>>> print(open('my_file-v3.cif').read())   # mmCIF, C-alpha atoms and all ligand atoms
data_start
loop_
_atom_site.label_atom_id
_atom_site.label_comp_id
_atom_site.auth_asym_id
_atom_site.auth_seq_id
_atom_site.Cartn_x
_atom_site.Cartn_y
_atom_site.Cartn_z
CA LEU F 33 1.30 3.06 15.47
CA SER F 34 -0.64 4.70 12.69
CA LEU F 35 -2.60 2.90 10.04
CA LYS F 36 -0.83 3.31 6.75
CA LYS F 37 -2.12 2.75 3.27
CA ILE F 38 0.38 0.90 1.16
CA ARG F 39 0.73 1.79 -2.48
CA ILE F 40 2.22 -0.69 -4.95
CA GLY F 41 1.97 0.87 -8.40
CA LYS F 42 -1.72 1.50 -8.95
CA HIS F 43 -2.75 -0.84 -6.14
CA ILE F 44 -3.65 0.59 -2.77
CA ILE F 45 -3.70 -1.79 0.17
CA ASP F 46 -5.35 -0.57 3.35
CA ASN F 47 -4.56 -3.56 5.52
CA GLN F 48 -1.11 -3.90 7.05
CA ALA F 49 -0.98 -7.68 7.57
CA PHE F 50 0.17 -9.88 4.70
CA LEU F 51 0.63 -13.63 4.29
CA ALA F 52 4.28 -14.51 3.56
CA PRO F 53 5.02 -16.77 0.59
CA MET F 54 5.82 -20.34 1.61
CA ALA F 55 6.61 -22.93 -1.02
CA GLY F 56 4.57 -26.08 -0.48
CA ILE F 57 2.16 -24.31 1.83
CA THR F 58 0.74 -21.04 0.52
CA ASP F 59 -0.76 -22.62 -2.57
CA ALA F 60 -3.91 -21.19 -4.16
CA SER F 61 -6.13 -23.05 -1.66
CA PHE F 62 -4.35 -21.68 1.38
CA ARG F 63 -4.18 -18.18 -0.07
CA SER F 64 -7.91 -18.20 -0.81
CA LEU F 65 -8.62 -19.02 2.82
CA ALA F 66 -6.23 -16.36 4.10
CA ILE F 67 -7.99 -13.83 1.86
CA LYS F 68 -11.41 -14.98 3.03
CA PHE F 69 -10.30 -14.32 6.61
CA GLY F 70 -9.06 -10.85 5.73
CA ALA F 71 -5.35 -11.00 4.80
CA GLY F 72 -4.20 -7.71 3.29
CA LEU F 73 -2.08 -9.37 0.61
CA VAL F 74 -0.98 -12.86 -0.28
CA VAL F 75 1.93 -14.01 -2.46
CA SER F 76 2.26 -17.12 -4.61
CA GLU F 77 4.72 -19.83 -3.71
CA MET F 78 8.20 -19.20 -5.14
CA ILE F 79 8.35 -20.10 -8.82
CA ALA F 80 11.83 -21.05 -10.11
CA SER F 81 11.97 -19.14 -13.37
CA ALA F 82 14.26 -21.55 -15.24
CA SER F 83 12.07 -24.53 -14.33
CA LEU F 84 8.97 -22.61 -15.28
CA GLY F 85 10.58 -21.78 -18.61
CA ALA F 86 11.25 -25.50 -19.09
CA GLY F 87 7.59 -26.25 -18.40
CA GLN F 88 8.12 -28.17 -15.14
CA ARG F 89 4.72 -29.28 -13.86
CA GLU F 90 5.10 -28.10 -10.29
CA MET F 91 6.09 -24.58 -11.37
CA VAL F 92 3.23 -24.47 -13.86
CA ARG F 93 0.85 -25.40 -11.02
CA ARG F 94 2.28 -22.64 -8.84
CA LEU F 95 1.62 -20.12 -11.56
CA LYS F 96 -1.91 -21.30 -12.23
CA ASN F 97 -4.47 -19.19 -10.57
CA ASP F 98 -7.71 -20.31 -12.19
CA PHE F 99 -9.69 -21.00 -9.08
CA LEU F 100 -8.05 -18.56 -6.70
CA SER F 101 -10.56 -16.02 -5.61
CA CYS F 102 -8.40 -12.97 -5.05
CA ALA F 103 -11.43 -10.86 -4.17
CA ASN F 104 -10.15 -7.41 -5.01
CA LEU F 105 -6.58 -8.05 -3.93
CA PRO F 106 -3.82 -7.88 -6.53
CA HIS F 107 -2.38 -11.24 -7.49
CA ILE F 108 1.34 -11.40 -6.66
CA VAL F 109 3.56 -13.98 -8.33
CA GLN F 110 6.97 -14.61 -6.81
CA LEU F 111 9.84 -15.58 -9.11
CA SER F 112 13.32 -16.79 -8.28
CA GLY F 113 16.28 -17.25 -10.56
CA ASN F 114 19.73 -16.03 -11.43
CA GLN F 115 19.55 -15.61 -15.17
CA GLU F 116 18.12 -12.60 -16.86
CA ARG F 117 16.56 -14.50 -19.73
CA TRP F 118 14.61 -16.85 -17.45
CA LEU F 119 13.45 -14.12 -15.14
CA GLU F 120 12.36 -12.08 -18.14
CA LEU F 121 10.43 -15.03 -19.56
CA GLY F 122 9.00 -15.84 -16.12
CA ALA F 123 7.78 -12.27 -15.70
CA LYS F 124 6.08 -12.39 -19.09
CA MET F 125 4.48 -15.74 -18.31
CA ALA F 126 3.27 -14.38 -14.98
CA PHE F 127 1.77 -11.39 -16.77
CA ASP F 128 -0.01 -13.70 -19.22
CA ALA F 129 -1.30 -15.79 -16.33
CA GLY F 130 -2.97 -12.73 -14.84
CA ALA F 131 -0.42 -11.52 -12.29
CA ASP F 132 -0.84 -7.95 -11.05
CA ILE F 133 2.52 -7.69 -9.28
CA ILE F 134 5.78 -9.59 -9.63
CA ASP F 135 7.92 -10.30 -6.59
CA ILE F 136 11.53 -11.47 -6.80
CA ASN F 137 12.94 -13.79 -4.16
CA PHE F 138 16.29 -12.70 -2.67
CA GLY F 139 15.57 -14.33 0.66
CA CYS F 140 15.48 -18.08 0.23
CA PRO F 141 18.38 -19.67 2.16
CA SER F 142 17.95 -23.14 0.69
CA LYS F 143 21.17 -24.70 -0.62
CA LYS F 144 19.29 -25.95 -3.64
CA VAL F 145 18.43 -22.37 -4.43
CA THR F 146 21.65 -20.65 -3.31
CA ASN F 147 23.99 -23.11 -5.03
CA GLY F 148 22.31 -22.07 -8.20
CA LEU F 149 23.15 -18.60 -6.87
CA ALA F 150 19.59 -17.48 -6.46
CA GLY F 151 17.50 -16.52 -3.44
CA SER F 152 19.57 -14.98 -0.65
CA ALA F 153 22.87 -15.82 -2.37
CA LEU F 154 22.18 -12.89 -4.67
CA MET F 155 22.57 -10.56 -1.69
CA ARG F 156 26.30 -11.37 -1.96
CA GLU F 157 26.26 -10.19 -5.54
CA PRO F 158 24.43 -6.89 -5.44
CA ASP F 159 25.41 -5.93 -9.00
CA LYS F 160 23.98 -9.11 -10.36
CA ALA F 161 20.88 -8.73 -8.19
CA LEU F 162 20.39 -5.24 -9.58
CA ARG F 163 20.66 -6.47 -13.18
CA LEU F 164 18.04 -9.12 -12.49
CA ILE F 165 15.76 -6.53 -10.91
CA GLU F 166 16.16 -4.21 -13.88
CA THR F 167 15.35 -7.06 -16.24
CA VAL F 168 12.11 -7.91 -14.43
CA VAL F 169 11.10 -4.24 -14.15
CA LYS F 170 11.57 -3.88 -17.91
CA ALA F 171 9.91 -7.17 -18.85
CA THR F 172 6.31 -6.03 -18.31
CA ASP F 173 4.37 -2.98 -17.11
CA LEU F 174 3.59 -4.68 -13.81
CA PRO F 175 4.94 -3.28 -10.55
CA VAL F 176 7.87 -5.26 -9.14
CA THR F 177 8.54 -5.94 -5.46
CA ILE F 178 11.36 -7.87 -3.81
CA LYS F 179 11.75 -9.99 -0.70
CA MET F 180 15.10 -10.39 1.03
CA ARG F 181 16.92 -10.94 4.31
CA LEU F 182 19.17 -8.65 6.36
CA GLY F 183 22.16 -9.85 4.35
CA TRP F 184 24.26 -12.95 3.84
CA ASP F 185 25.91 -12.96 7.27
CA GLU F 186 26.78 -10.62 10.17
CA ASP F 187 29.64 -9.04 8.21
CA ASN F 188 27.41 -8.34 5.25
CA LEU F 189 24.25 -6.69 6.50
CA ASN F 190 23.62 -5.00 3.17
CA ALA F 191 19.82 -5.00 2.96
CA LYS F 192 19.90 -1.21 3.07
CA ASP F 193 22.21 -0.88 0.06
CA ILE F 194 20.25 -3.36 -1.98
CA ALA F 195 17.02 -1.61 -1.03
CA LYS F 196 18.38 1.73 -2.25
CA SER F 197 19.47 0.44 -5.62
CA ALA F 198 16.26 -1.59 -6.00
CA ALA F 199 14.14 1.48 -5.27
CA ASN F 200 16.18 3.45 -7.82
CA ALA F 201 15.54 0.71 -10.35
CA GLY F 202 11.79 1.10 -9.86
CA VAL F 203 10.96 -1.54 -7.23
CA LYS F 204 7.72 -0.57 -5.47
CA MET F 205 7.86 -2.45 -2.15
CA ILE F 206 10.41 -4.50 -0.22
CA SER F 207 9.83 -7.21 2.38
CA VAL F 208 12.67 -7.98 4.77
CA HIS F 209 12.99 -11.12 6.88
CA GLY F 210 14.97 -10.00 9.93
CA ARG F 211 17.59 -12.75 9.73
CA THR F 212 20.75 -13.25 7.71
CA ARG F 213 21.06 -16.10 5.28
CA GLN F 214 23.58 -17.80 7.56
CA GLN F 215 21.03 -17.79 10.36
CA PHE F 216 18.65 -19.85 8.23
CA TYR F 217 15.74 -20.01 10.71
CA LYS F 218 17.86 -20.03 13.86
CA GLY F 219 18.02 -17.31 16.49
CA LYS F 220 15.49 -14.52 16.47
CA ALA F 221 14.39 -12.14 13.77
CA ARG F 222 15.86 -8.69 14.50
CA TRP F 223 13.09 -6.27 13.60
CA GLY F 224 15.08 -3.26 14.82
CA LEU F 225 17.73 -3.73 12.11
CA ILE F 226 15.04 -3.31 9.45
CA SER F 227 14.65 0.34 10.46
CA ASP F 228 17.86 1.09 8.50
CA VAL F 229 16.10 -0.10 5.37
CA VAL F 230 12.95 1.89 6.21
CA ASP F 231 15.04 5.05 6.65
CA ALA F 232 16.97 4.53 3.43
CA VAL F 233 14.11 4.45 0.92
CA ASN F 234 10.74 6.03 0.18
CA ILE F 235 8.87 2.88 -0.81
CA PRO F 236 6.83 0.70 1.57
CA ILE F 237 8.82 -1.78 3.65
CA VAL F 238 7.33 -4.95 5.07
CA VAL F 239 8.77 -6.47 8.25
CA ASN F 240 8.88 -10.26 8.46
CA GLY F 241 10.12 -13.02 10.74
CA ASP F 242 8.77 -14.53 13.97
CA ILE F 243 5.53 -12.54 14.03
CA THR F 244 2.96 -14.83 15.62
CA ASN F 245 0.20 -12.69 17.10
CA ILE F 246 -1.00 -9.16 17.64
CA LYS F 247 1.60 -8.45 20.33
CA THR F 248 4.58 -9.46 18.22
CA ALA F 249 3.00 -7.73 15.21
CA LYS F 250 2.90 -4.42 17.08
CA MET F 251 6.44 -4.90 18.36
CA ALA F 252 7.76 -5.67 14.90
CA LEU F 253 6.07 -2.61 13.40
CA GLU F 254 7.29 -0.37 16.22
CA LEU F 255 10.90 -1.55 16.23
CA SER F 256 11.28 -1.52 12.45
CA GLY F 257 9.08 1.45 11.57
CA ALA F 258 7.89 -0.67 8.64
CA ASP F 259 4.64 0.04 6.82
CA ALA F 260 3.28 -3.50 6.94
CA LEU F 261 4.15 -6.96 8.17
CA MET F 262 4.19 -10.46 6.79
CA ILE F 263 3.31 -13.63 8.69
CA GLY F 264 4.55 -17.03 7.55
CA ARG F 265 4.85 -20.03 9.85
CA ALA F 266 2.39 -18.79 12.46
CA SER F 267 -0.33 -19.32 9.86
CA TYR F 268 0.18 -23.10 9.91
CA GLY F 269 -3.21 -24.49 10.89
CA GLN F 270 -4.49 -20.93 11.39
CA PRO F 271 -5.21 -19.32 8.00
CA TRP F 272 -7.24 -16.69 9.85
CA ILE F 273 -4.30 -15.31 11.86
CA VAL F 274 -3.18 -12.77 9.25
CA GLY F 275 -6.70 -11.38 8.91
CA GLN F 276 -7.09 -11.18 12.68
CA VAL F 277 -3.85 -9.23 13.07
CA GLY F 278 -4.78 -6.90 10.21
CA ALA F 279 -8.18 -6.20 11.74
CA VAL F 280 -6.75 -5.35 15.16
CA LEU F 281 -4.14 -3.04 13.61
CA ALA F 282 -6.97 -1.28 11.77
CA GLU F 283 -8.83 -1.00 15.08
CA GLU F 284 -11.59 -3.23 13.82
CA SER F 285 -12.87 -6.27 15.65
CA PRO F 286 -11.16 -9.42 14.43
CA ILE F 287 -13.20 -12.42 13.30
CA ALA F 288 -13.55 -15.11 15.94
CA THR F 289 -11.11 -18.00 15.80
CA PRO F 290 -12.99 -20.95 14.23
CA LYS F 291 -13.56 -23.67 16.83
CA ASP F 292 -15.33 -27.03 17.06
CA ALA F 293 -17.97 -27.39 14.31
CA ALA F 294 -16.79 -24.25 12.52
CA LEU F 295 -13.20 -25.50 12.53
CA LEU F 296 -14.26 -28.91 11.25
CA GLU F 297 -16.21 -27.28 8.44
CA LEU F 298 -13.22 -25.13 7.51
CA MET F 299 -10.89 -28.14 7.50
CA LEU F 300 -13.26 -30.08 5.25
CA GLU F 301 -13.56 -27.10 2.92
CA HIS F 302 -9.77 -26.71 2.78
CA TYR F 303 -9.47 -30.43 2.10
CA GLU F 304 -11.85 -30.23 -0.87
CA MET F 305 -10.02 -27.20 -2.23
CA MET F 306 -6.76 -29.12 -2.18
CA MET F 307 -8.34 -32.04 -4.02
CA SER F 308 -9.33 -29.71 -6.82
CA GLU F 309 -5.98 -27.90 -6.84
CA TYR F 310 -3.75 -31.00 -6.88
CA GLY F 311 -6.05 -33.77 -8.09
CA TYR F 312 -7.18 -36.65 -5.89
CA THR F 313 -4.10 -38.81 -5.32
CA HIS F 314 -1.62 -36.00 -4.78
CA GLY F 315 -4.22 -33.89 -2.99
CA VAL F 316 -4.77 -36.55 -0.30
CA ARG F 317 -1.04 -36.56 0.41
CA VAL F 318 -0.31 -32.84 0.44
CA ALA F 319 -3.39 -32.06 2.55
CA ARG F 320 -2.15 -34.16 5.48
CA LYS F 321 0.24 -31.60 6.92
CA HIS F 322 -2.59 -29.09 7.13
CA LEU F 323 -4.87 -31.51 9.00
CA ASN F 324 -2.06 -32.11 11.45
CA TRP F 325 -1.40 -28.38 11.89
CA TYR F 326 -5.05 -27.47 12.42
CA LEU F 327 -5.40 -30.07 15.17
CA ALA F 328 -2.15 -28.99 16.81
CA ALA F 329 -3.03 -25.28 16.66
CA ALA F 330 -6.46 -25.98 18.17
CA ASP F 331 -4.82 -28.18 20.79
CA ILE F 332 -7.16 -31.06 19.98
CA LYS F 333 -5.81 -34.26 21.50
CA VAL F 334 -5.98 -37.27 19.21
CA ASP F 335 -5.09 -40.89 20.03
CA LYS F 336 -1.83 -41.85 18.39
CA GLN F 337 -3.41 -44.65 16.42
CA ILE F 338 -6.25 -42.49 15.11
CA MET F 339 -3.80 -39.77 14.17
CA HIS F 340 -1.79 -42.34 12.27
CA GLN F 341 -4.91 -43.41 10.37
CA LEU F 342 -5.81 -39.82 9.62
CA LEU F 343 -2.37 -39.06 8.22
CA THR F 344 -1.81 -42.25 6.21
CA ASN F 345 -5.22 -43.11 4.79
CA LYS F 346 -5.36 -42.80 1.01
CA GLU F 347 -9.15 -42.49 0.68
CA ALA F 348 -10.44 -38.94 0.99
CA LYS F 349 -13.86 -40.13 2.15
CA GLN F 350 -12.34 -42.15 4.97
CA VAL F 351 -10.03 -39.31 5.99
CA LYS F 352 -13.04 -37.02 6.28
CA ASN F 353 -14.90 -39.58 8.36
CA ILE F 354 -11.95 -40.00 10.72
CA LEU F 355 -11.81 -36.25 11.07
CA ARG F 356 -15.53 -36.05 11.86
CA LYS F 357 -15.07 -38.68 14.56
CA ILE F 358 -12.13 -36.80 16.05
CA PHE F 359 -14.27 -33.70 16.34
CA GLN F 360 -17.26 -35.61 17.71
CA LYS F 361 -15.10 -36.95 20.50
CA HIS F 362 -13.44 -33.59 21.09
CA MET F 363 -16.76 -31.75 21.30
CA GLN F 364 -18.28 -34.38 23.60
CA GLU F 365 -15.32 -34.11 25.93
CA ALA F 366 -15.55 -30.33 25.96
CA ALA F 367 -19.30 -30.39 26.68
C1 LIG F 401 8.29 -23.96 4.50
C2 LIG F 401 8.70 -22.57 4.10
C3 LIG F 401 8.68 -22.21 2.75
C4 LIG F 401 9.06 -20.92 2.37
N1 LIG F 401 8.99 -20.57 1.05
C5 LIG F 401 9.28 -19.29 0.69
C6 LIG F 401 9.08 -18.87 -0.65
O1 LIG F 401 8.63 -19.62 -1.51
N2 LIG F 401 9.41 -17.58 -0.95
C7 LIG F 401 9.90 -16.72 -0.01
O2 LIG F 401 10.19 -15.57 -0.33
N3 LIG F 401 10.07 -17.09 1.26
C8 LIG F 401 9.75 -18.35 1.63
N4 LIG F 401 9.85 -18.69 2.95
C9 LIG F 401 10.22 -17.68 3.94
C10 LIG F 401 8.98 -17.01 4.55
O3 LIG F 401 8.29 -16.25 3.57
C11 LIG F 401 9.36 -16.06 5.71
O4 LIG F 401 10.25 -15.11 5.22
C12 LIG F 401 10.01 -16.80 6.86
O5 LIG F 401 9.33 -18.01 7.15
C13 LIG F 401 10.03 -15.94 8.14
O6 LIG F 401 8.74 -15.55 8.51
P1 LIG F 401 7.92 -16.31 9.68
O7 LIG F 401 8.78 -16.31 10.90
O8 LIG F 401 6.65 -15.51 9.85
O9 LIG F 401 7.65 -17.70 9.20
C14 LIG F 401 9.49 -19.97 3.35
C15 LIG F 401 9.50 -20.35 4.69
C16 LIG F 401 9.10 -21.62 5.08
C17 LIG F 401 9.11 -21.97 6.54
#
>>> encode(input="my_file-v3.cif", output="structure tokens")
Amino acid sequence: LSLKKIRIGKHIIDNQAFLAPMAGITDASFRSLAIKFGAGLVVSEMIASASLGAGQREMVRRLKNDFLSCANLPHIVQLSGNQERWLELGAKMAFDAGADIIDINFGCPSKKVTNGLAGSALMREPDKALRLIETVVKATDLPVTIKMRLGWDEDNLNAKDIAKSAANAGVKMISVHGRTRQQFYKGKARWGLISDVVDAVNIPIVVNGDITNIKTAKMALELSGADALMIGRASYGQPWIVGQVGAVLAEESPIATPKDAALLELMLEHYEMMMSEYGYTHGVRVARKHLNWYLAAADIKVDKQIMHQLLTNKEAKQVKNILRKIFQKHMQEAA
């Protein structure tokens, strides 16, 4: 494995491990943490272009980037959609909001998205997909990247063909999740099949799917021949994982996994960030899944009743106190 620099337009990325976009999870707060721990790139949550155009609050939040410290990483906004006019408007709005790169989603398997013929459904309509790509490329001067799957199903593994026409249309980087749409999240990601895409084009390819640690990261890079990798679900409760993998690939020493007091401090910091991103009432609710994930990832045992309190309490101050008590007990037991 050789360390590769990845060029996306004028941006040069010298870290091969990226955080995958995950709607409802990789919000500005989560991305800031991933960056702090050394992620090579992060991508916004998917923004449905038609809803953004209609001013829907959730999509406007996803586009907002005011308090995201991107350090010196380019800010990537991911759009989805199936109509040229909305994608064009979305791209322009993303530009105005300070995006550096625009990514188009051709990978989402959700019925809500595919019934509207967006996300991975567009892999069944390569001509339409190409028109949408061309529209976004033309809409602004920003570099455009795409994210897709291997194809719709086993009979239509057309990632390679779409990659070729996308690269011809000016797309600068492509991420491929090694599953078909019909697999949803079942089975295993097939990293080896991504090598066809790598061989077909001269732009950077990012391998994605089921990468959870340094071992699987190396396997995925080796089998696919991709230039970089993207980690999604394995970052639940471990926003440092992407940075750790990137560091090891660069033959640097990875930061230590936050434990005990350091983990508590990180969780409290993340909690505060979510309050400012979502506002108090909504923030308390959407932060719960992260608290749960952190504790699970750290294998911290919590009494059922206390866990219930932690995940249902509506007062941020009380939630933080419960969390402090959980850690007190955990650290006493470990001592
Ligand atoms: C909860 C969830 C939300 C996701 N949202 C998006 C999204 O907004 N845009 C996108 O391109 N992919 C999205 N994905 C797909 C991931 O980016 C990634 O391709 C997939 O999870 C496989 O990688 P992993 O095995 O590392 O998680 C989402 C996945 C999950 C689990």
>>> closest_residue(input="my_file-v3.cif", among="F:Val233, F:Ile133, F:Ile263, F:Leu162", to="ligand LIG 401 (chain F)", atoms="all atoms listed in the file")
F:Ile263
>>> closest_residue(input="my_file-v3.cif", among="F:Lys196, F:His340, F:His314, F:Lys179", to="ligand LIG 401 (chain F)", atoms="all atoms listed in the file")
F:Lys179
>>> closest_residue(input="my_file-v3.cif", among="F:Pro271, F:Pro158, F:Gly257, F:Pro290", to="Ser61 (chain F)", atoms="all atoms listed in the file")
F:Pro271
>>> residues_around(input="my_file-v3.cif", residues="Ala294 (chain F)", least_positions_apart="6", cutoff="12 Å", atoms="only C-alpha atoms", output="list in words")
Ala288, Leu300, Glu301, Ala330, Arg356, Phe359 and Met363 of chain F
>>> closest_residue(input="my_file-v3.cif", among="F:Gly122, F:Gly139, F:Phe69, F:Leu164", to="Gln270 (chain F)", atoms="all atoms listed in the file")
F:Phe69
>>> closest_atom_pairs(input="my_file-v3.cif", of="chain F", to="ligand LIG 401 (chain F)", cutoff="6 Å", atoms="all atoms listed in the file", output="JSON lines")
{"residue": "F:Ala52", "atom": "CA", "partner": "F:LIG401", "partner_atom": "O3", "distance": 4.4}
{"residue": "F:Pro53", "atom": "CA", "partner": "F:LIG401", "partner_atom": "O3", "distance": 4.5}
{"residue": "F:Met54", "atom": "CA", "partner": "F:LIG401", "partner_atom": "N1", "distance": 3.2}
{"residue": "F:Ala55", "atom": "CA", "partner": "F:LIG401", "partner_atom": "O1", "distance": 3.9}
{"residue": "F:Glu77", "atom": "CA", "partner": "F:LIG401", "partner_atom": "O1", "distance": 4.5}
{"residue": "F:Met78", "atom": "CA", "partner": "F:LIG401", "partner_atom": "O1", "distance": 3.7}
{"residue": "F:Asn137", "atom": "CA", "partner": "F:LIG401", "partner_atom": "O2", "distance": 5.0}
{"residue": "F:Gly139", "atom": "CA", "partner": "F:LIG401", "partner_atom": "O2", "distance": 5.6}
{"residue": "F:Cys140", "atom": "CA", "partner": "F:LIG401", "partner_atom": "N3", "distance": 5.6}
{"residue": "F:Lys179", "atom": "CA", "partner": "F:LIG401", "partner_atom": "O2", "distance": 5.8}
{"residue": "F:His209", "atom": "CA", "partner": "F:LIG401", "partner_atom": "O4", "distance": 5.1}
{"residue": "F:Asn240", "atom": "CA", "partner": "F:LIG401", "partner_atom": "O6", "distance": 5.3}
{"residue": "F:Gly241", "atom": "CA", "partner": "F:LIG401", "partner_atom": "O7", "distance": 3.6}
{"residue": "F:Asp242", "atom": "CA", "partner": "F:LIG401", "partner_atom": "O7", "distance": 3.5}
{"residue": "F:Ile243", "atom": "CA", "partner": "F:LIG401", "partner_atom": "O8", "distance": 5.2}
{"residue": "F:Ile263", "atom": "CA", "partner": "F:LIG401", "partner_atom": "O8", "distance": 4.0}
{"residue": "F:Gly264", "atom": "CA", "partner": "F:LIG401", "partner_atom": "O8", "distance": 3.5}
{"residue": "F:Arg265", "atom": "CA", "partner": "F:LIG401", "partner_atom": "O9", "distance": 3.7}
{"residue": "F:Ala266", "atom": "CA", "partner": "F:LIG401", "partner_atom": "O8", "distance": 6.0}
>>> residues_around(input="my_file-v3.cif", residues="Leu73 (chain F)", least_positions_apart="2", cutoff="7 Å", atoms="all atoms listed in the file", output="PyMOL selection string")
chain F and resi 50-51+71+75+105
>>> atom_distance(input="my_file-v3.cif", atom1="CA of Phe127 (chain F)", atom2="CA of Met205 (chain F)")
18.2 Å
>>> residues_around(input="my_file-v3.cif", residues="region 344-349 of chain F", least_positions_apart="2", cutoff="10 Å", atoms="all atoms listed in the file", output="ChimeraX atom specification")
/F:303-304,307,312-317,319-320,338-342,351-355
>>> atom_distance(input="my_file-v3.cif", atom1="CA of Ile287 (chain F)", atom2="CA of Ile273 (chain F)")
9.5 Å
>>> atom_distance(input="my_file-v3.cif", atom1="CA of Arg181 (chain F)", atom2="CA of Ser207 (chain F)")
8.2 Å
>>> closest_residue(input="my_file-v3.cif", among="F:Asn188, F:Gln215, F:Gln364, F:Gln48", to="Gln276 (chain F)", atoms="all atoms listed in the file")
F:Gln48
>>> residues_around(input="my_file-v3.cif", residues="region 236-239 of chain F", least_positions_apart="4", cutoff="8 Å", atoms="all atoms listed in the file", output="list in words")
Ile38, Arg39, Lys204, Met205, Ile206, Ser207, Val208, His209, Gly210, Trp223, Ile226, Val229, Val230, Ala252, Leu253, Ser256, Ala258, Asp259, Ala260, Leu261 and Met262 of chain F
>>> closest_residue(input="my_file-v3.cif", among="F:Ala150, F:Ala367, F:Leu182, F:Ala129", to="Ser227 (chain F)", atoms="only C-alpha atoms")
F:Leu182
>>> residues_near_point(input="my_file-v3.cif", point="(-2.2, -24.3, 13.3)", cutoff="9 Å", atoms="only C-alpha atoms", output="mmCIF file with C-alpha atoms, in the frame of the given file")
data_model
loop_
_atom_site.group_PDB
_atom_site.id
_atom_site.type_symbol
_atom_site.label_atom_id
_atom_site.label_comp_id
_atom_site.auth_asym_id
_atom_site.auth_seq_id
_atom_site.Cartn_x
_atom_site.Cartn_y
_atom_site.Cartn_z
ATOM 1 C CA ARG F 265 4.850 -20.030 9.850
ATOM 2 C CA ALA F 266 2.390 -18.790 12.460
ATOM 3 C CA SER F 267 -0.330 -19.320 9.860
ATOM 4 C CA TYR F 268 0.180 -23.100 9.910
ATOM 5 C CA GLY F 269 -3.210 -24.490 10.890
ATOM 6 C CA GLN F 270 -4.490 -20.930 11.390
ATOM 7 C CA PRO F 271 -5.210 -19.320 8.000
ATOM 8 C CA HIS F 322 -2.590 -29.090 7.130
ATOM 9 C CA LEU F 323 -4.870 -31.510 9.000
ATOM 10 C CA ASN F 324 -2.060 -32.110 11.450
ATOM 11 C CA TRP F 325 -1.400 -28.380 11.890
ATOM 12 C CA TYR F 326 -5.050 -27.470 12.420
ATOM 13 C CA LEU F 327 -5.400 -30.070 15.170
ATOM 14 C CA ALA F 328 -2.150 -28.990 16.810
ATOM 15 C CA ALA F 329 -3.030 -25.280 16.660
ATOM 16 C CA ALA F 330 -6.460 -25.980 18.170
ATOM 17 C CA ASP F 331 -4.820 -28.180 20.790
#
>>> residues_near_point(input="my_file-v3.cif", point="(1.8, -19.6, -4.4)", cutoff="10 Å", atoms="only C-alpha atoms", output="JSON, numbers by chain")
{"F": [52, 53, 54, 55, 56, 57, 58, 59, 60, 61, 62, 63, 74, 75, 76, 77, 78, 79, 91, 93, 94, 95, 96, 97, 107, 108, 109, 110]}
>>> write_last_selection(input="my_file-v3.cif", atoms="C-alpha atoms", output="compact mmCIF listing (two decimals), in the coordinates of the input")
# COMPACT_ATOMS: atom_id res chain seq x y z
CA ALA F 52 4.28 -14.51 3.56
CA PRO F 53 5.02 -16.77 0.59
CA MET F 54 5.82 -20.34 1.61
CA ALA F 55 6.61 -22.93 -1.02
CA GLY F 56 4.57 -26.08 -0.48
CA ILE F 57 2.16 -24.31 1.83
CA THR F 58 0.74 -21.04 0.52
CA ASP F 59 -0.76 -22.62 -2.57
CA ALA F 60 -3.91 -21.19 -4.16
CA SER F 61 -6.13 -23.05 -1.66
CA PHE F 62 -4.35 -21.68 1.38
CA ARG F 63 -4.18 -18.18 -0.07
CA VAL F 74 -0.98 -12.86 -0.28
CA VAL F 75 1.93 -14.01 -2.46
CA SER F 76 2.26 -17.12 -4.61
CA GLU F 77 4.72 -19.83 -3.71
CA MET F 78 8.20 -19.20 -5.14
CA ILE F 79 8.35 -20.10 -8.82
CA MET F 91 6.09 -24.58 -11.37
CA ARG F 93 0.85 -25.40 -11.02
CA ARG F 94 2.28 -22.64 -8.84
CA LEU F 95 1.62 -20.12 -11.56
CA LYS F 96 -1.91 -21.30 -12.23
CA ASN F 97 -4.47 -19.19 -10.57
CA HIS F 107 -2.38 -11.24 -7.49
CA ILE F 108 1.34 -11.40 -6.66
CA VAL F 109 3.56 -13.98 -8.33
CA GLN F 110 6.97 -14.61 -6.81
>>> residues_around(input="my_file-v3.cif", residues="region 141-145 of chain F", least_positions_apart="2", cutoff="10 Å", atoms="all atoms listed in the file", output="list of chain:residue names")
F:Ala80, F:Ser112, F:Gly113, F:Asn114, F:Phe138, F:Gly139, F:Asn147, F:Gly148, F:Leu149, F:Ala150, F:Gly151, F:Ser152, F:Ala153, F:Met180, F:Arg181, F:Trp184, F:Thr212, F:Arg213, F:Gln214, F:Gln215, F:Phe216, F:Tyr217
>>> build_atoms(input="my_file-v3.cif", residues="region 173-177 of chain F", atoms="N, CA and C atoms", output="PDB file, keeping the file's coordinate frame")
ATOM      1  N   ASP F 173       4.753  -4.252 -17.753  1.00  0.00           N
ATOM      2  CA  ASP F 173       4.370  -2.980 -17.110  1.00  0.00           C
ATOM      3  C   ASP F 173       3.983  -3.179 -15.652  1.00  0.00           C
ATOM      4  N   LEU F 174       4.057  -4.410 -15.172  1.00  0.00           N
ATOM      5  CA  LEU F 174       3.590  -4.680 -13.810  1.00  0.00           C
ATOM      6  C   LEU F 174       4.569  -4.118 -12.784  1.00  0.00           C
ATOM      7  N   PRO F 175       4.038  -3.674 -11.629  1.00  0.00           N
ATOM      8  CA  PRO F 175       4.940  -3.280 -10.550  1.00  0.00           C
ATOM      9  C   PRO F 175       5.738  -4.472 -10.046  1.00  0.00           C
ATOM     10  N   VAL F 176       6.980  -4.195  -9.620  1.00  0.00           N
ATOM     11  CA  VAL F 176       7.870  -5.260  -9.140  1.00  0.00           C
ATOM     12  C   VAL F 176       8.196  -4.980  -7.669  1.00  0.00           C
ATOM     13  N   THR F 177       8.152  -6.041  -6.863  1.00  0.00           N
ATOM     14  CA  THR F 177       8.540  -5.940  -5.460  1.00  0.00           C
ATOM     15  C   THR F 177       9.637  -6.972  -5.209  1.00  0.00           C
TER      16      THR F 177
END
